[in-house]
Structure formats: C-alpha cells, structure tokens
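The structure file model-v9.csv is reproduced below (CSV, C-alpha atoms).
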```csv
chain,number,residue,atom,x,y,z
H,1,GLY,CA,21.8,-41.6,-13.6
H,2,LEU,CA,20.5,-39.0,-16.1
H,3,ARG,CA,22.1,-38.5,-19.4
H,4,PRO,CA,23.8,-35.1,-19.8
H,5,VAL,CA,21.5,-32.4,-21.2
H,6,GLU,CA,23.5,-32.1,-24.5
H,7,ASP,CA,23.2,-35.8,-25.1
H,8,ILE,CA,19.4,-35.7,-24.7
H,9,ASN,CA,19.3,-32.7,-27.1
H,10,GLN,CA,21.2,-34.8,-29.7
H,11,LEU,CA,18.7,-37.6,-29.4
H,12,ASN,CA,15.9,-35.1,-29.7
H,13,MET,CA,17.4,-33.5,-32.8
H,14,ALA,CA,17.9,-37.0,-34.4
H,15,SER,CA,14.3,-38.0,-33.7
H,16,VAL,CA,11.7,-35.3,-32.8
H,17,HIS,CA,10.2,-37.1,-29.9
H,18,HIS,CA,6.8,-35.5,-29.8
H,19,ASN,CA,6.1,-36.5,-33.4
H,20,ASP,CA,7.5,-40.0,-33.5
H,21,GLY,CA,6.1,-43.2,-32.1
H,22,GLY,CA,7.6,-46.2,-30.4
H,23,ASP,CA,10.0,-46.9,-27.6
H,24,ILE,CA,12.5,-44.2,-28.5
H,25,LYS,CA,9.8,-41.6,-27.9
H,26,ASN,CA,8.9,-43.0,-24.6
H,27,ILE,CA,12.5,-43.3,-23.3
H,28,ILE,CA,13.4,-39.7,-24.4
H,29,ASP,CA,10.2,-38.3,-22.9
H,30,CYS,CA,10.9,-40.1,-19.6
H,31,MET,CA,14.4,-38.6,-19.6
H,32,TYR,CA,13.0,-35.1,-20.2
H,33,ILE,CA,10.4,-35.5,-17.4
H,34,ALA,CA,13.1,-36.8,-15.0
H,35,GLN,CA,15.3,-33.8,-15.7
H,36,TYR,CA,12.3,-31.5,-15.2
H,37,VAL,CA,11.5,-33.1,-11.8
H,38,VAL,CA,15.0,-32.8,-10.4
H,39,GLY,CA,15.3,-29.2,-11.6
H,40,LEU,CA,17.7,-29.7,-14.5
H,41,ARG,CA,15.1,-28.3,-17.0
H,42,ASP,CA,12.4,-25.7,-16.7
H,43,CYS,CA,10.2,-27.8,-19.0
H,44,TYR,CA,10.6,-31.2,-20.7
H,45,PHE,CA,9.5,-30.2,-24.2
H,46,THR,CA,10.2,-27.6,-26.8
H,47,LEU,CA,7.7,-26.0,-29.2
H,48,THR,CA,7.6,-26.4,-32.9
H,49,GLU,CA,5.8,-24.1,-35.4
H,50,THR,CA,4.7,-23.9,-39.0
H,51,TYR,CA,6.3,-20.8,-40.6
H,52,CYS,CA,5.0,-18.2,-43.0
H,53,THR,CA,7.1,-15.7,-44.9
H,54,TYR,CA,6.6,-11.9,-44.6
H,55,THR,CA,8.1,-9.6,-47.2
H,56,ASP,CA,8.0,-5.9,-46.3
H,57,PRO,CA,6.4,-3.8,-49.0
H,58,GLU,CA,8.4,-0.7,-48.2
H,59,TYR,CA,11.9,-2.0,-47.5
H,60,GLY,CA,11.9,-5.3,-49.3
H,61,PHE,CA,13.3,-7.5,-46.5
H,62,SER,CA,11.7,-10.8,-45.5
H,63,LEU,CA,11.6,-13.2,-42.6
H,64,GLU,CA,9.8,-16.3,-41.5
H,65,TYR,CA,7.4,-16.1,-38.5
H,66,PRO,CA,5.0,-18.6,-36.9
H,67,CYS,CA,1.9,-18.6,-39.0
H,68,ASP,CA,-0.5,-18.4,-36.1
H,69,TRP,CA,1.3,-15.4,-34.5
H,70,GLU,CA,-0.6,-12.2,-34.7
H,71,TRP,CA,0.4,-9.0,-36.5
H,72,TRP,CA,1.0,-6.0,-34.2
H,73,GLU,CA,0.0,-2.6,-35.2
H,74,LEU,CA,2.8,-0.1,-34.7
H,75,ILE,CA,1.3,1.6,-31.7
H,76,GLU,CA,1.0,-1.8,-29.9
H,77,ILE,CA,4.6,-2.8,-30.3
H,78,MET,CA,6.6,-2.3,-27.1
H,79,ILE,CA,10.3,-1.7,-27.3
H,80,GLY,CA,11.7,-2.0,-23.8
H,81,VAL,CA,9.4,0.1,-21.7
H,82,GLN,CA,8.2,2.6,-24.3
H,83,PRO,CA,5.7,2.4,-27.2
H,84,ALA,CA,7.5,2.2,-30.6
H,85,GLU,CA,6.1,5.5,-31.8
H,86,GLU,CA,7.7,7.3,-28.8
H,87,VAL,CA,11.0,5.6,-29.4
H,88,MET,CA,10.9,6.6,-33.1
H,89,ASP,CA,10.1,10.2,-32.2
H,90,GLU,CA,13.0,10.4,-29.7
H,91,SER,CA,15.4,8.8,-32.2
H,92,GLY,CA,15.2,11.7,-34.5
H,93,GLY,CA,14.3,9.5,-37.5
H,94,LEU,CA,17.0,6.9,-36.8
H,95,ILE,CA,14.3,4.3,-36.6
H,96,PRO,CA,12.0,4.9,-39.6
H,97,HIS,CA,10.2,1.5,-39.7
H,98,VAL,CA,8.9,-1.0,-37.1
H,99,ILE,CA,6.9,-4.2,-37.6
H,100,GLY,CA,6.0,-7.0,-35.2
H,101,TRP,CA,4.0,-10.1,-34.3
H,102,GLN,CA,3.0,-11.8,-31.0
H,103,SER,CA,2.1,-15.3,-30.1
H,104,PRO,CA,-1.6,-16.0,-29.5
H,105,ARG,CA,-0.5,-17.9,-26.4
H,106,ALA,CA,0.5,-16.1,-23.2
H,107,GLU,CA,3.2,-17.4,-20.9
H,108,ASP,CA,2.3,-16.4,-17.4
H,109,GLY,CA,0.6,-13.3,-18.8
H,110,TYR,CA,3.4,-12.4,-21.2
H,111,TYR,CA,3.1,-12.9,-25.0
H,112,PRO,CA,6.3,-14.1,-26.8
H,113,ASN,CA,6.9,-11.7,-29.7
H,114,ILE,CA,8.9,-10.5,-32.6
H,115,THR,CA,10.0,-7.0,-33.4
H,116,GLY,CA,11.7,-5.9,-36.7
H,117,LEU,CA,13.3,-2.5,-37.0
H,118,VAL,CA,15.1,-0.6,-39.8
H,119,PHE,CA,17.7,2.0,-38.7
H,120,ALA,CA,18.5,4.6,-41.4
H,121,LEU,CA,22.2,5.3,-40.9
H,122,PRO,CA,24.2,8.2,-42.3
H,123,MET,CA,26.9,5.8,-43.4
H,124,PRO,CA,27.5,2.0,-43.7
H,125,PHE,CA,28.1,0.3,-40.4
H,126,PRO,CA,29.2,-3.3,-39.7
H,127,PRO,CA,26.6,-5.3,-37.6
H,128,GLU,CA,29.0,-6.0,-34.8
H,129,GLY,CA,30.1,-2.4,-34.6
H,130,PHE,CA,26.4,-1.3,-34.4
H,131,TRP,CA,25.8,-3.9,-31.6
H,132,ASN,CA,28.8,-2.5,-29.7
H,133,LEU,CA,27.4,1.1,-30.2
H,134,MET,CA,23.9,0.1,-29.0
H,135,THR,CA,25.3,-1.7,-25.9
H,136,GLU,CA,27.8,0.9,-24.6
H,137,PRO,CA,27.3,1.6,-20.9
H,138,GLY,CA,24.5,4.1,-20.4
H,139,GLY,CA,23.6,3.8,-24.1
H,140,PHE,CA,20.5,3.0,-26.2
H,141,PHE,CA,20.0,-0.6,-25.0
H,142,GLU,CA,20.5,0.1,-21.3
H,143,THR,CA,18.0,2.9,-21.5
H,144,LEU,CA,15.4,0.8,-23.3
H,145,TYR,CA,16.0,-2.5,-21.5
H,146,PRO,CA,16.2,-2.1,-17.7
H,147,GLY,CA,18.6,-4.6,-16.1
H,148,PHE,CA,20.2,-5.3,-19.6
H,149,THR,CA,22.6,-8.3,-19.2
H,150,VAL,CA,24.3,-10.0,-22.2
H,151,VAL,CA,24.0,-13.8,-22.1
H,152,TRP,CA,26.0,-14.5,-25.3
H,153,GLU,CA,27.0,-12.7,-28.5
H,154,GLU,CA,28.8,-13.9,-31.7
H,155,SER,CA,29.1,-13.4,-35.5
H,156,VAL,CA,26.7,-15.6,-37.5
H,157,SER,CA,25.5,-16.1,-41.1
H,158,THR,CA,21.9,-15.9,-42.0
H,159,ALA,CA,20.0,-18.5,-44.0
H,160,GLU,CA,21.0,-16.7,-47.2
H,161,GLY,CA,24.6,-16.7,-46.1
H,162,ARG,CA,24.9,-13.0,-45.3
H,163,ALA,CA,27.3,-12.0,-42.5
H,164,ALA,CA,25.4,-10.8,-39.4
H,165,TYR,CA,25.8,-10.4,-35.6
H,166,TRP,CA,23.5,-11.9,-33.1
H,167,ALA,CA,23.2,-12.0,-29.3
H,168,SER,CA,20.9,-12.9,-26.4
H,169,PHE,CA,20.3,-10.8,-23.4
H,170,THR,CA,18.0,-10.6,-20.4
H,171,TRP,CA,16.2,-7.6,-18.9
H,172,THR,CA,13.1,-6.7,-16.9
H,173,ASN,CA,10.2,-4.9,-18.4
H,174,ALA,CA,7.9,-2.3,-16.9
H,175,TRP,CA,5.4,-4.9,-15.6
H,176,GLY,CA,8.1,-6.9,-13.8
H,177,TYR,CA,8.6,-9.7,-16.3
H,178,ASP,CA,12.1,-11.2,-16.6
H,179,ILE,CA,12.6,-11.4,-20.4
H,180,GLN,CA,15.2,-13.1,-22.5
H,181,THR,CA,15.7,-11.7,-26.0
H,182,VAL,CA,17.5,-13.0,-29.1
H,183,VAL,CA,18.5,-10.2,-31.5
H,184,ILE,CA,20.2,-10.1,-34.9
H,185,PHE,CA,21.7,-7.3,-36.9
H,186,VAL,CA,22.2,-7.3,-40.7
H,187,SER,CA,23.4,-4.3,-42.7
H,188,LYS,CA,22.8,-3.3,-46.3
H,189,ALA,CA,23.2,0.0,-48.3
H,190,GLY,CA,23.2,2.3,-45.3
H,191,ASN,CA,20.3,0.6,-43.5
H,192,MET,CA,20.8,-1.5,-40.4
H,193,TYR,CA,18.1,-4.2,-40.0
H,194,MET,CA,17.4,-5.6,-36.5
H,195,VAL,CA,15.1,-8.4,-35.6
H,196,GLY,CA,14.4,-9.0,-31.9
H,197,CYS,CA,12.5,-12.1,-30.6
H,198,GLN,CA,11.7,-12.6,-26.9
H,199,THR,CA,9.8,-14.5,-24.3
H,200,THR,CA,10.1,-14.9,-20.5
H,201,GLU,CA,13.3,-16.3,-19.1
H,202,ASP,CA,11.4,-19.2,-17.6
H,203,THR,CA,10.0,-20.2,-21.0
H,204,PHE,CA,13.1,-19.3,-23.1
H,205,TYR,CA,14.2,-23.0,-23.5
H,206,GLN,CA,10.8,-23.9,-25.0
H,207,TYR,CA,10.9,-21.0,-27.5
H,208,GLN,CA,14.6,-20.8,-28.2
H,209,GLY,CA,14.5,-22.8,-31.5
H,210,ILE,CA,11.6,-20.7,-32.8
H,211,LEU,CA,13.2,-17.4,-31.9
H,212,GLU,CA,16.6,-18.4,-33.4
H,213,HIS,CA,14.9,-19.7,-36.6
H,214,ILE,CA,13.1,-16.4,-37.0
H,215,CYS,CA,16.4,-14.4,-36.7
H,216,LEU,CA,18.4,-16.6,-39.0
H,217,SER,CA,15.6,-16.6,-41.7
H,218,PHE,CA,16.0,-12.8,-42.2
H,219,VAL,CA,16.8,-11.8,-45.8
H,220,VAL,CA,17.7,-8.3,-46.8
H,221,PRO,CA,16.6,-6.9,-50.2
H,222,LYS,CA,18.8,-7.7,-53.2
```
Encoded form using structure tokens:
Amino acid sequence: GLRPVEDINQLNMASVHHNDGGDIKNIIDCMYIAQYVVGLRDCYFTLTETYCTYTDPEYGFSLEYPCDWEWWELIEIMIGVQPAEEVMDESGGLIPHVIGWQSPRAEDGYYPNITGLVFALPMPFPPEGFWNLMTEPGGFFETLYPGFTVVWEESVSTAEGRAAYWASFTWTNAWGYDIQTVVIFVSKAGNMYMVGCQTTEDTFYQYQGILEHICLSFVVPK
C-alpha cells in the first residue's frame, strides 16, 4: 500500500527528489505519482524558487520573493474583487501603501501572487487582535473576499524572530477562481504590516512552501 502522505513529505524534505539522482529519487517520484493517480494528491511535485530580497524605500520593511516573479504596479494589484486604489480610497487612509508581485506562470488562467500592505493605525495593535478585527462577521475580510473561509490560523515567529500571526483562508474571486491565501501580520510602531500570498486551491499544495517562505521572510524596519 501507499505510505502515508506525511511520511512521503519527510522523505521529500530529507532529500529533494527533483534535484537528486539515484534510486531514492525514482522510488519517491513513483510514490508521488501513485498518490496522484488514486486521488490522494492534486499533483505529485512541489515547486522551488530562487529568492531575491525587496526592501521598501518608504517604509523600510523587507521580504524575499521569487526572483522571476514580476512587480505589479499599484493599479494592477487586486485585493479581493476591487483594485487596490479603490480599497485605499475607501479605507480613509488606513492603507497608505501597497506593493505586489505575480508569477510569470498562470495556473489555469490565474497568476499566483504576493501583496504587501501597510496599515497606519492610530494606536499599537497586536497582530492576532488585528486579524480578529479584520475577520469579524460582516467585516473587512468578508467584504473583500467573497466566500471567506478560514483553513487554519496560529501565532508564529518570522525569520528574524519577531512575533506575528498568520493564517490561511479560501475565497472565490470575481472571475470565479477558488483561491487559497496565506497571510501574515506583523506590527511595529503604530503600523500593521500584512503580506498575503495566494494561488488557486487546486495548485495550493505546489506553491505552499513558496508562499509560506515569503510570509516568514518578512522583516520590519529596525
């Protein structure tokens, strides 16, 4: 019978099967293919990337992103079902800054992407508390993300060891794509920093490692 999925993942982490040679690679690939065929996986491989570091000239934060992903101009960034500029106008200045990138590779017509936002808050706010505020019934996230459904949420530390809160949720965009997003919140000196990374639900497994790496690489200004 097939090994449990988590056991295969452990083998994969111990020896990245698409970069290694020999019998171990072939055995693990066969296990992945078998799980794909019987419906235990959407796909038998995960993607890897080379990362570059972006440092924001205005707010001083930085994060790592896949080097071949393309910079989005502000007007092209879509938050939920609205262009970013419209959301910023409606927020009354709560969102003063938006950046983003998208993959050059479309997944069934949808481009996996990254969005970074800075919320200027009138007072310090803990990341978990801000997440709870954004996800109140009928609140900000339910308005922006139709069909908003939380998959998981938990406290986490970023790569620099800063306390943060992250979560994953699903939703359906204006073009009918079922999306899964990973989002992380980090606070510093009255600003709440949010990074959201997303792809289609069907390809989330392939991109999960990349999206989580981006979120955890986030560094706020000293």
- In terms of the shortest atom-to-atom distance over all atoms listed in the file, which of H:Phe61, H:Trp101, H:Tyr110, H:Trp69 is closest to Met194 of chain H? H:Phe61
- Query: Using only C-alpha atoms, which of the listed residues (H:Asp178, H:Glu201, H:Tyr145, H:Gly116) sits closest to Tyr54 of chain H?
  - Reply: H:Gly116
- Hey, which of H:Pro122, H:Pro66, H:Gly60, H:Pro127 ends up closest to Pro104 of chain H? Count all atoms listed in the file.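 Nearest candidate to Pro104 of chain H out of H:Pro122, H:Pro66, H:Gly60, H:Pro127: H:Pro66.
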- Task: One decimal, Å: what's the distance from atom CA of Met192 of chain H over to atom CA of Phe119 of chain H, could you say?
- Result: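 Atom-to-atom, atom CA of Met192 of chain H to atom CA of Phe119 of chain H, that is 5.0 Å.
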- Would you mind telling me which residue in H:Arg162, H:Trp72, H:Trp175, H:Phe141 lies nearest to Lys222 of chain H when using only C-alpha atoms? H:Arg162
Rebuild segment 165-191 of chain H so that it carries N, CA and C atoms, then output the result as a compact mmCIF listing (two decimals), in the frame of the given file.
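result-v3.txt, written as the output of this step:
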```
# COMPACT_ATOMS: atom_id res chain seq x y z
N TYR H 165 25.38 -10.30 -37.02
CA TYR H 165 25.80 -10.40 -35.60
C TYR H 165 24.58 -10.61 -34.79
N TRP H 166 24.63 -11.63 -33.91
CA TRP H 166 23.50 -11.90 -33.10
C TRP H 166 23.89 -12.05 -31.63
N ALA H 167 22.90 -11.93 -30.74
CA ALA H 167 23.20 -12.00 -29.30
C ALA H 167 21.90 -12.32 -28.57
N SER H 168 22.07 -12.69 -27.32
CA SER H 168 20.90 -12.90 -26.40
C SER H 168 21.19 -12.11 -25.15
N PHE H 169 20.14 -11.51 -24.63
CA PHE H 169 20.30 -10.80 -23.40
C PHE H 169 19.03 -10.85 -22.56
N THR H 170 19.16 -10.59 -21.26
CA THR H 170 18.00 -10.60 -20.40
C THR H 170 17.78 -9.16 -19.86
N TRP H 171 16.55 -8.92 -19.45
CA TRP H 171 16.20 -7.60 -18.90
C TRP H 171 14.82 -7.76 -18.23
N THR H 172 14.36 -6.71 -17.57
CA THR H 172 13.10 -6.70 -16.90
C THR H 172 12.20 -5.60 -17.39
N ASN H 173 10.99 -5.95 -17.85
CA ASN H 173 10.20 -4.90 -18.40
C ASN H 173 9.37 -4.15 -17.36
N ALA H 174 8.55 -3.20 -17.82
CA ALA H 174 7.90 -2.30 -16.90
C ALA H 174 6.86 -3.00 -16.01
N TRP H 175 6.44 -4.20 -16.39
CA TRP H 175 5.40 -4.90 -15.60
C TRP H 175 6.10 -6.01 -14.73
N GLY H 176 7.44 -5.99 -14.67
CA GLY H 176 8.10 -6.90 -13.80
C GLY H 176 8.46 -8.25 -14.36
N TYR H 177 8.22 -8.45 -15.66
CA TYR H 177 8.60 -9.70 -16.30
C TYR H 177 10.05 -9.80 -16.58
N ASP H 178 10.68 -10.91 -16.23
CA ASP H 178 12.10 -11.20 -16.60
C ASP H 178 12.08 -11.75 -17.99
N ILE H 179 12.68 -11.04 -18.93
CA ILE H 179 12.60 -11.40 -20.40
C ILE H 179 13.97 -11.81 -20.86
N GLN H 180 13.99 -12.76 -21.80
CA GLN H 180 15.20 -13.10 -22.50
C GLN H 180 14.94 -12.85 -24.02
N THR H 181 15.82 -12.11 -24.65
CA THR H 181 15.70 -11.70 -26.00
C THR H 181 16.81 -12.28 -26.89
N VAL H 182 16.49 -12.67 -28.12
CA VAL H 182 17.50 -13.00 -29.10
C VAL H 182 17.38 -11.89 -30.19
N VAL H 183 18.50 -11.27 -30.55
CA VAL H 183 18.50 -10.20 -31.50
C VAL H 183 19.55 -10.41 -32.57
N ILE H 184 19.24 -10.02 -33.82
CA ILE H 184 20.20 -10.10 -34.90
C ILE H 184 20.27 -8.84 -35.67
N PHE H 185 21.48 -8.47 -36.10
CA PHE H 185 21.70 -7.30 -36.90
C PHE H 185 22.28 -7.63 -38.24
N VAL H 186 21.70 -7.06 -39.30
CA VAL H 186 22.20 -7.30 -40.70
C VAL H 186 22.21 -5.89 -41.34
N SER H 187 23.27 -5.58 -42.08
CA SER H 187 23.40 -4.30 -42.70
C SER H 187 23.35 -4.38 -44.23
N LYS H 188 22.81 -3.35 -44.88
CA LYS H 188 22.80 -3.30 -46.30
C LYS H 188 22.50 -1.87 -46.79
N ALA H 189 23.41 -1.32 -47.58
CA ALA H 189 23.20 0.00 -48.30
C ALA H 189 22.75 1.08 -47.32
N GLY H 190 23.45 1.24 -46.20
CA GLY H 190 23.20 2.30 -45.30
C GLY H 190 22.05 2.07 -44.30
N ASN H 191 21.35 0.95 -44.44
CA ASN H 191 20.30 0.60 -43.50
C ASN H 191 20.84 -0.54 -42.57
```
